[in-house]
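So the structure is just underneath, and the comments pick up after that.
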Amino acid sequence: MNEPRIIVALDFDHAESALSLSKKLSPQLCRLKVGKELFTAAGPSIIEKLIRDGYEIFLDLKFHDIPATVAKACKVACNLGVWMINVHASGGKKMLIAAREAVPAHSTRLIAVTVLTSMNEFDLHEIGFSDTPQQLVLKLAHLTQDCGLDGVVCSAQEAPSLRKELGKNFCLVTPGIRLPDNTRTDDQERITTPQQAIQNGSDYLVVGRPITLAENPRHALYQIQQSMLRITS
Ligand code: C5P
């Protein structure tokens, strides 16, 4: 697979910072993720600008609402010309099916968030789930696949079991990536290195702060890519 497998999270509060970072990177090396912060600050025009610069965009708005609302939001998001969008799998079967019906197959990729990588077992128990993150991720990933979506967001720690149970065509997108020498986990709980993520069967790695806060973001991206190539070649 020669397509870029790193998705850089543009977690910024205004367009200028996002555009300035995008100029330092390259569409040949990565895709870009626009999340709630940047989209709320800069709106659809930031998407247009990044697409014009040649980037494929993952619009990470994690929709979670009643089925009709999510379906309509998904449709509008697709019309922005983005490569990937997502919803929360915990929105349930009816919501997932409505989202699928709103997004034509083989157009924008539609994936679902299983359990946020910032959550551990204690956090889940606190909100009423008795499953471990691993058990809940597996349940939600099966539900997502049964509803016809293209894949899930999960931690690369769960990728081996998901790959085994859901097959090779189900897309696994994994945030919570940290370099081996990076002692900062920030707010992430279930983290892996880029090499582990690839070995575990991840298709795309979402990387935010290890690149956006690096002194030389392009070099950080290049280093991550090289470490992945050592595994795939
Ligand atoms: O900076 P860092 O590499 O931790 O960036 C993680 C990015 O991935 C953030 O933009 C966050 O919203 C996103 N994300 C996540 N966990 C998920 C889904 C998305 O951390 N389950």
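By order of appearance in the structure tokens: chains A, B, ..., then residues from 1 within every chain, and ligands from 1 in the order shown.
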
Using backbone DSSP assignments, extract all strand (DSSP E or B) residues from segment 1-231 of chain A; output them as a ChimeraX atom specification.
/A:6-9,31-35,57-63,84-88,109-113,151-153,171-174,177,192,204-207

Surrounding residues as a ChimeraX atom specification, ligand 1, max 10 Å, only C-alpha atoms and all ligand atoms
/A:7-12,33-38,60-62,86,88,112-119,152-155,173-178,184-191,205-213

Could you find all residues in segment 36-162 of chain A that DSSP calls helix (DSSP H, G or I) from the backbone, and write them as number ranges by chain?
A: 36-42, 44-52, 67-78, 89-91, 93-102, 121-126, 133-146, 159-162

Residues near Arg218 of chain A, cut-off 7 Å, only C-alpha atoms, skip fewer than 2 positions along chain, as an NGL selection string
:A and (24-25 or 216 or 220-222)

Keeping C-alpha atoms for every residue in the selection just given, could you write it to a file as a short mmCIF file (atom, residue, chain, number, x, y, z; two decimals), in the first residue's frame?
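Below is the file result-v1.cif, written as the result:
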data_model
loop_
_atom_site.label_atom_id
_atom_site.label_comp_id
_atom_site.auth_asym_id
_atom_site.auth_seq_id
_atom_site.Cartn_x
_atom_site.Cartn_y
_atom_site.Cartn_z
CA LYS A 24 5.24 22.20 6.18
CA LEU A 25 3.84 18.73 5.45
CA ASN A 216 10.32 20.24 13.10
CA ALA A 220 8.80 14.11 12.99
CA LEU A 221 6.43 12.89 10.27
CA TYR A 222 9.36 11.53 8.26
#

A:Asp203, A:Asp150, A:Glu3, A:Glu126 ranked by distance to Cys30 of chain A, top pick (using only C-alpha atoms)
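Distance minimum relative to Cys30 of chain A lands on A:Glu3.
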
Could you pull the residues within 9 Å of Ile57 of chain A, counting only C-alpha atoms, minus those fewer than 5 positions along the same chain, as a PyMOL selection string?
chain A and resi 7+31-34+47+50-51+81-85

Would you put the residues from that selection into a file with C-alpha atoms, as an mmCIF file, in the first residue's frame?
data_model
loop_
_atom_site.group_PDB
_atom_site.id
_atom_site.type_symbol
_atom_site.label_atom_id
_atom_site.label_comp_id
_atom_site.auth_asym_id
_atom_site.auth_seq_id
_atom_site.Cartn_x
_atom_site.Cartn_y
_atom_site.Cartn_z
ATOM 1 C CA ILE A 7 -3.300 11.070 9.360
ATOM 2 C CA ARG A 31 -3.591 12.886 5.143
ATOM 3 C CA LEU A 32 -5.011 15.510 7.517
ATOM 4 C CA LYS A 33 -7.663 15.311 10.200
ATOM 5 C CA VAL A 34 -9.925 18.254 10.957
ATOM 6 C CA ILE A 47 -11.675 21.981 4.367
ATOM 7 C CA LEU A 50 -6.782 21.968 2.460
ATOM 8 C CA ILE A 51 -8.403 19.981 -0.374
ATOM 9 C CA GLY A 81 -15.655 16.365 -0.519
ATOM 10 C CA VAL A 82 -13.872 14.801 2.446
ATOM 11 C CA TRP A 83 -12.184 11.393 2.318
ATOM 12 C CA MET A 84 -13.464 10.074 5.662
ATOM 13 C CA ILE A 85 -16.084 10.940 8.289
#

A:Lys72, A:Phe129, A:Ile224, A:Tyr204 ranked by distance to Pro4 of chain A, top pick (using only C-alpha atoms)
A:Tyr204

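Residue nearest Ala68 of chain A, chosen from A:Gln157, A:Lys164, A:Leu138, A:Met95 and counting only C-alpha atoms: A:Met95.
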